[in-house]
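Visitor: Handing you a structure now.
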Amino acid sequence: MNKSEQQLNNPRIIRAWCMFDWANSVYSLVITTAIFPLYYKAVAESHKGSEIVEFLGFTIHNSVLYSYALSFSFLIVAAMLPLLSGIADYSGKKKAFMKFFVWLGGLSCIGLYFFTNISRLEWGIICSVLASIGYSSSLVFNDAYLFEIATRDRYDQISAKGYSMGYYGSVILMIICLVLIMNFNTFGFKDEGQATRFSFLMVGVWWIGFSFIPFSILPDKKAGDKTDNLWSKGYEEIRKVWRNVKQQPDLKRFLLAYFFYNMGVQTVMYLASLFGTDVLHLEEQSLILTVLIIQLVGALGAWVFAMVSKARGNRFAIITMIAIWIGICISAYFIMTEFQFFVLAFVVGMVMGGIQSLSRATYSKLIPEDTEDTASYFSFYDVIFNVSVVLGTFSYGFINQITGSMRYSALGLAVFFIIGLIVFLTIKSSSLARQVKH
């Protein structure tokens with residue numbers, strides 16, 4: 001690929017790219033991790049106060065329903081993204097797809113304002129599923145830009161900067177939401193529930209509004225006006241990339257390792273709050289504090305492990321973090337107190353941002369430097385991401401359902417990390433070292 005020299009490492013373009021993380025991470029924090037799961041648990045109860053609810057004619061525990069809904073959303077994304085990314089590469093309309101999914105996700109968050117009680121459970125689940133689809137789908141096209149705007153020696157630092165910006169932005173909006181919720185009378189809300197739902201509306205506005213910065217600055221791929229047979233051409237793009245992937249052993253091994261360890265990472269991120277409420281019976285204030293700890297430490301962790309990678313290489317940094325994750329899952333089975341939960345949250349924060357940012361950067365380094373199919377390559381990465389979340393959240397909910405305890409679910413996640421570590425160790429050191437040297 002002939003990258004424009006004016007676009008490579010351009011500070012203005014890099015800042016705009018990082019602003020996409022600033023814009024969309026509020027969804028990840030407020031909707032998937034902190035406020036919405038707690039609101040959902042409070043609202044999704046039968047009229048008799050039972051956590052067993054009716055959904056589309058089925059009787060199911062509300063926590064299991066939530067984990068299954070997340071699994072479904074990621075399954076939809078995994079099914080459609082390869083074709084859409086192929087179309088984006090062929091037509092040069094990557095940014096147009098980003099815009100569509102941002103609007104889908106943002107408007108769905110706004111729609112959660114109308115999830116007022118158990119009678120609107122279906123509406124709440126539908127909006128949460130669509131918001132998840134919008135968030136996950138937009139990421140594949142944004143991630144593909146990293147390859148196009150920077151030189152390989154800067155992938156680690158720029159990826160870490162993006163994740164850190166996401167953590168900072170999400171914490172700012174989170175604090176604003178908490179102030180509104182805890183002082184709902186002062187701000188004219190009739191009750192805490194209305195203030196909470198207003199925070200979902202603010203997430204959508206923030207997400208859409210700040211996304212206009214990268215939309216206006218990120219470069220468009222010049223691919224001409226290719227509009228003929230987009231569906232078949234999109235499929236051909238994917239087949240071409242798949243043939244190339246099969247010829248790169250290190251890339252295949254990395255994707256397989258990523259598939260397993262990302263199951264654990266994303267499941268912890270999406271369902272940690274439910275673990276705190278259902279297993280340790282923590283108060284809402286304690287859970288919010290835990291989430292803030294993870295976010296603030298996560299920004300630091302992304303930078304720390306970017307420096308570790310710079311000094312020792314991506315291989316050493318990722319192996320270290322996977323080993324820490326295994327310890328986290330085993331520890332979660334045994335924790336009993338609120339203080340232990342806080343300590344574990346601190347450790348989770350340190351490796352949460354680091355493993356996500358370095359995984360994205362490592363994959364970017366393994367992509368052939370002369371490729372033009374950046375969105376298609378990243379669709380494989382994001383399909384792996386989404387399928388792993390499907391299996392991770394589903395297995396977490398399934399283990400919880402058959403054992404009656406999330407402690408066993410947390411222990412089960414350790415198995416995914418162990419498999420991921422074993423596969424990652426099979427990546428040839430010389431090949432990976434060659435890719436990561438600066």
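Here's how to read the names in the structure tokens: chain A, B, ... by the order shown, residue numbers from 1 in each chain, ligand numbers from 1 in the order shown.
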If we count only C-alpha atoms, what is near range 112-127 of chain A at a cut-off of 9 Å, once residues fewer than 6 positions away on the same chain are taken out, given as a list in words?

Guide: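 Everything that qualifies: Tyr40, Val43, Ala44, Glu45, Ser46, His47, Val53, Glu54, Phe55, Leu56, Leu65, Tyr66, Ala69, Gly105, Gly193, Gln194, Thr196, Arg197, Phe198, Ser199, Phe200 and Leu201 of chain A.
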
Visitor: Quick one: pull the distance between CA of Asp21 in chain A and CA of Gly162 in chain A, Å, one decimal.

Guide: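 Between CA of Asp21 in chain A and CA of Gly162 in chain A the gap works out to 5.7 Å.
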
Visitor: Restricting the calculation to only C-alpha atoms: of A:Val265, A:Ala96, A:Ile13, A:Leu300, which residue gets closest to Ala150 in chain A?

Guide: A:Ile13

Visitor: So that I can check the surroundings of Phe341 in chain A, please list as number ranges by chain every protein, DNA and RNA residue that reaches within 12 Å of it, counting only C-alpha atoms and ignoring chain neighbours fewer than 5 positions away.

Guide: A: 272-273, 275-277, 279-282, 286-287, 289-291, 293-294, 328-329, 331-336, 346-348

Visitor: Skip Ala257 in chain A itself and residues of its chain fewer than 2 positions away, then list as a short mmCIF file (atom, residue, chain, number, x, y, z; two decimals) with N, CA, C and O atoms, in the first residue's frame all residues within 8 Å of it, counting only C-alpha atoms.

Guide:
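Result written to selection_34.cif:
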data_model
loop_
_atom_site.label_atom_id
_atom_site.label_comp_id
_atom_site.auth_asym_id
_atom_site.auth_seq_id
_atom_site.Cartn_x
_atom_site.Cartn_y
_atom_site.Cartn_z
N ARG A 253 -1.30 -18.04 14.17
CA ARG A 253 -1.12 -18.42 15.58
C ARG A 253 -1.54 -17.29 16.51
O ARG A 253 -2.15 -17.52 17.56
N PHE A 254 -1.21 -16.07 16.11
CA PHE A 254 -1.61 -14.94 16.95
C PHE A 254 -3.13 -14.84 17.05
O PHE A 254 -3.69 -14.62 18.13
N LEU A 255 -3.82 -14.97 15.91
CA LEU A 255 -5.27 -14.87 15.91
C LEU A 255 -5.91 -15.97 16.77
O LEU A 255 -6.89 -15.73 17.47
N PHE A 259 -7.96 -15.29 20.14
CA PHE A 259 -9.31 -15.81 20.27
C PHE A 259 -9.57 -16.33 21.67
O PHE A 259 -10.60 -16.02 22.28
N PHE A 260 -8.62 -17.07 22.22
CA PHE A 260 -8.83 -17.68 23.54
C PHE A 260 -8.64 -16.67 24.67
O PHE A 260 -9.50 -16.56 25.56
N TYR A 261 -7.54 -15.92 24.67
CA TYR A 261 -7.36 -15.04 25.83
C TYR A 261 -8.32 -13.86 25.80
O TYR A 261 -8.69 -13.32 26.85
N ILE A 419 -5.16 -21.71 27.60
CA ILE A 419 -5.08 -22.15 26.20
C ILE A 419 -4.46 -21.07 25.33
O ILE A 419 -3.60 -21.33 24.48
N GLY A 420 -4.90 -19.81 25.54
CA GLY A 420 -4.33 -18.70 24.78
C GLY A 420 -2.83 -18.57 24.98
O GLY A 420 -2.08 -18.31 24.04
N LEU A 421 -2.39 -18.75 26.22
CA LEU A 421 -0.96 -18.66 26.51
C LEU A 421 -0.18 -19.77 25.80
O LEU A 421 0.88 -19.53 25.21
N ILE A 422 -0.71 -20.99 25.84
CA ILE A 422 -0.04 -22.12 25.19
C ILE A 422 0.11 -21.86 23.70
O ILE A 422 1.18 -22.08 23.11
N VAL A 423 -0.97 -21.39 23.07
CA VAL A 423 -0.91 -21.11 21.62
C VAL A 423 0.04 -19.97 21.32
O VAL A 423 0.83 -20.03 20.38
N PHE A 424 0.00 -18.92 22.14
CA PHE A 424 0.87 -17.77 21.91
C PHE A 424 2.34 -18.17 22.00
O PHE A 424 3.18 -17.65 21.26
#

Visitor: Measuring between only C-alpha atoms, which one of A:Ala34, A:Met269, A:Leu218, A:Val415 shows the shortest distance to Asn10 in chain A?

Guide: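 Looking only at the distances to Asn10 in chain A, the closest residue turns out to be A:Leu218.
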
Visitor: Using DSSP on the backbone coordinates, identify the residues of range 91-152 of chain A assigned to alpha helix (DSSP H); present them as a PyMOL selection string.

Guide: chain A and resi 91+94-111+121-149

Visitor: With C-alpha atoms kept, could you save the residues just selected as a PDB file, in the first residue's frame?

Guide:
ATOM      1  CA  SER A  91     -15.350   0.874  -2.549  1.00  0.00           C
ATOM      2  CA  LYS A  94     -14.568   2.827   5.240  1.00  0.00           C
ATOM      3  CA  LYS A  95     -15.509   6.089   6.911  1.00  0.00           C
ATOM      4  CA  ALA A  96     -19.111   5.799   5.719  1.00  0.00           C
ATOM      5  CA  PHE A  97     -19.448   2.467   7.507  1.00  0.00           C
ATOM      6  CA  MET A  98     -17.933   3.995  10.640  1.00  0.00           C
ATOM      7  CA  LYS A  99     -20.517   6.754  10.560  1.00  0.00           C
ATOM      8  CA  PHE A 100     -23.431   4.367  10.093  1.00  0.00           C
ATOM      9  CA  PHE A 101     -22.501   2.194  13.051  1.00  0.00           C
ATOM     10  CA  VAL A 102     -21.753   5.159  15.291  1.00  0.00           C
ATOM     11  CA  TRP A 103     -25.221   6.536  14.607  1.00  0.00           C
ATOM     12  CA  LEU A 104     -26.766   3.096  15.179  1.00  0.00           C
ATOM     13  CA  GLY A 105     -24.971   2.693  18.495  1.00  0.00           C
ATOM     14  CA  GLY A 106     -25.512   6.255  19.673  1.00  0.00           C
ATOM     15  CA  LEU A 107     -29.220   6.337  18.871  1.00  0.00           C
ATOM     16  CA  SER A 108     -29.681   2.956  20.559  1.00  0.00           C
ATOM     17  CA  CYS A 109     -28.111   4.348  23.734  1.00  0.00           C
ATOM     18  CA  ILE A 110     -30.523   7.261  23.541  1.00  0.00           C
ATOM     19  CA  GLY A 111     -33.327   4.711  23.133  1.00  0.00           C
ATOM     20  CA  LEU A 121     -37.796  -5.392  29.037  1.00  0.00           C
ATOM     21  CA  GLU A 122     -37.874  -6.371  25.354  1.00  0.00           C
ATOM     22  CA  TRP A 123     -37.254  -2.742  24.355  1.00  0.00           C
ATOM     23  CA  GLY A 124     -34.313  -2.486  26.748  1.00  0.00           C
ATOM     24  CA  ILE A 125     -32.728  -5.699  25.466  1.00  0.00           C
ATOM     25  CA  ILE A 126     -33.231  -4.682  21.817  1.00  0.00           C
ATOM     26  CA  CYS A 127     -31.610  -1.271  22.373  1.00  0.00           C
ATOM     27  CA  SER A 128     -28.707  -2.784  24.286  1.00  0.00           C
ATOM     28  CA  VAL A 129     -28.141  -5.342  21.506  1.00  0.00           C
ATOM     29  CA  LEU A 130     -28.219  -2.656  18.773  1.00  0.00           C
ATOM     30  CA  ALA A 131     -25.880  -0.416  20.778  1.00  0.00           C
ATOM     31  CA  SER A 132     -23.465  -3.319  21.130  1.00  0.00           C
ATOM     32  CA  ILE A 133     -23.622  -3.988  17.388  1.00  0.00           C
ATOM     33  CA  GLY A 134     -22.941  -0.325  16.618  1.00  0.00           C
ATOM     34  CA  TYR A 135     -19.998  -0.161  19.004  1.00  0.00           C
ATOM     35  CA  SER A 136     -18.307  -3.394  17.930  1.00  0.00           C
ATOM     36  CA  SER A 137     -18.866  -2.824  14.215  1.00  0.00           C
ATOM     37  CA  SER A 138     -17.469   0.707  14.188  1.00  0.00           C
ATOM     38  CA  LEU A 139     -14.254  -0.472  15.821  1.00  0.00           C
ATOM     39  CA  VAL A 140     -13.135  -2.644  12.917  1.00  0.00           C
ATOM     40  CA  PHE A 141     -13.034   0.313  10.527  1.00  0.00           C
ATOM     41  CA  ASN A 142     -11.353   2.589  13.064  1.00  0.00           C
ATOM     42  CA  ASP A 143      -8.724  -0.024  13.980  1.00  0.00           C
ATOM     43  CA  ALA A 144      -7.854  -0.401  10.299  1.00  0.00           C
ATOM     44  CA  TYR A 145      -6.816   3.269  10.195  1.00  0.00           C
ATOM     45  CA  LEU A 146      -3.884   2.635  12.561  1.00  0.00           C
ATOM     46  CA  PHE A 147      -2.105   0.786   9.774  1.00  0.00           C
ATOM     47  CA  GLU A 148      -2.680   3.703   7.402  1.00  0.00           C
ATOM     48  CA  ILE A 149      -1.709   6.713   9.555  1.00  0.00           C
TER      49      ILE A 149
END

Visitor: What's around range 25-31 of chain A at 7 Å? Count only C-alpha atoms, leave out sequence neighbours fewer than 5 positions away in its own chain, and write the answer as a JSON list (two decimals) with N, CA and C atoms, in the first residue's frame.

Guide:
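around_26.json written:
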[["chain", "number", "residue", "atom", "x", "y", "z"],
["A", 36, "PHE", "N", -25.42, 0.98, 33.41],
["A", 36, "PHE", "CA", -26.55, 0.23, 32.85],
["A", 36, "PHE", "C", -26.71, -1.16, 33.45],
["A", 166, "GLY", "N", -9.54, 6.96, 25.60],
["A", 166, "GLY", "CA", -10.84, 6.37, 25.86],
["A", 166, "GLY", "C", -11.14, 6.28, 27.35],
["A", 167, "TYR", "N", -10.14, 5.87, 28.13],
["A", 167, "TYR", "CA", -10.32, 5.79, 29.58],
["A", 167, "TYR", "C", -10.58, 7.17, 30.17],
["A", 169, "GLY", "N", -11.79, 9.97, 28.72],
["A", 169, "GLY", "CA", -13.08, 10.51, 28.32],
["A", 169, "GLY", "C", -14.23, 9.82, 29.02],
["A", 170, "SER", "N", -14.14, 8.50, 29.12],
["A", 170, "SER", "CA", -15.24, 7.76, 29.74],
["A", 170, "SER", "C", -15.36, 8.07, 31.23],
["A", 173, "LEU", "N", -17.21, 11.52, 31.64],
["A", 173, "LEU", "CA", -18.66, 11.44, 31.50],
["A", 173, "LEU", "C", -19.26, 10.61, 32.63],
["A", 174, "MET", "N", -18.56, 9.59, 33.06],
["A", 174, "MET", "CA", -19.04, 8.77, 34.16],
["A", 174, "MET", "C", -19.24, 9.60, 35.42],
["A", 203, "VAL", "N", -24.74, 9.46, 26.93],
["A", 203, "VAL", "CA", -23.76, 8.60, 26.28],
["A", 203, "VAL", "C", -23.92, 8.66, 24.76]]

Visitor: Record the distance separating CA of Leu81 in chain A and CA of Val205 in chain A, expressed in Å with one decimal.

Guide: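 Interatomic distance here is 24.8 Å.
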
Visitor: Which neighbours of Val245 in chain A fall inside 12 Å, counting only C-alpha atoms, when residues of the same chain fewer than 5 positions from it are skipped, and could you give them as a count of residues only?

Guide: 20

Visitor: Name the closest residue to Asn386 in chain A among the candidates A:Trp206, A:Leu70, A:Trp22, A:Pro37; distances are taken between atoms, counting only C-alpha atoms.

Guide: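 Once distances to Asn386 in chain A are computed over only C-alpha atoms, the minimum belongs to A:Leu70.
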
Visitor: As an exercise, work out the distance from CA of Leu358 in chain A to CA of Val308 in chain A in Å and give it to one decimal place.

Guide: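 Here the two named atoms are 10.4 Å from each other.
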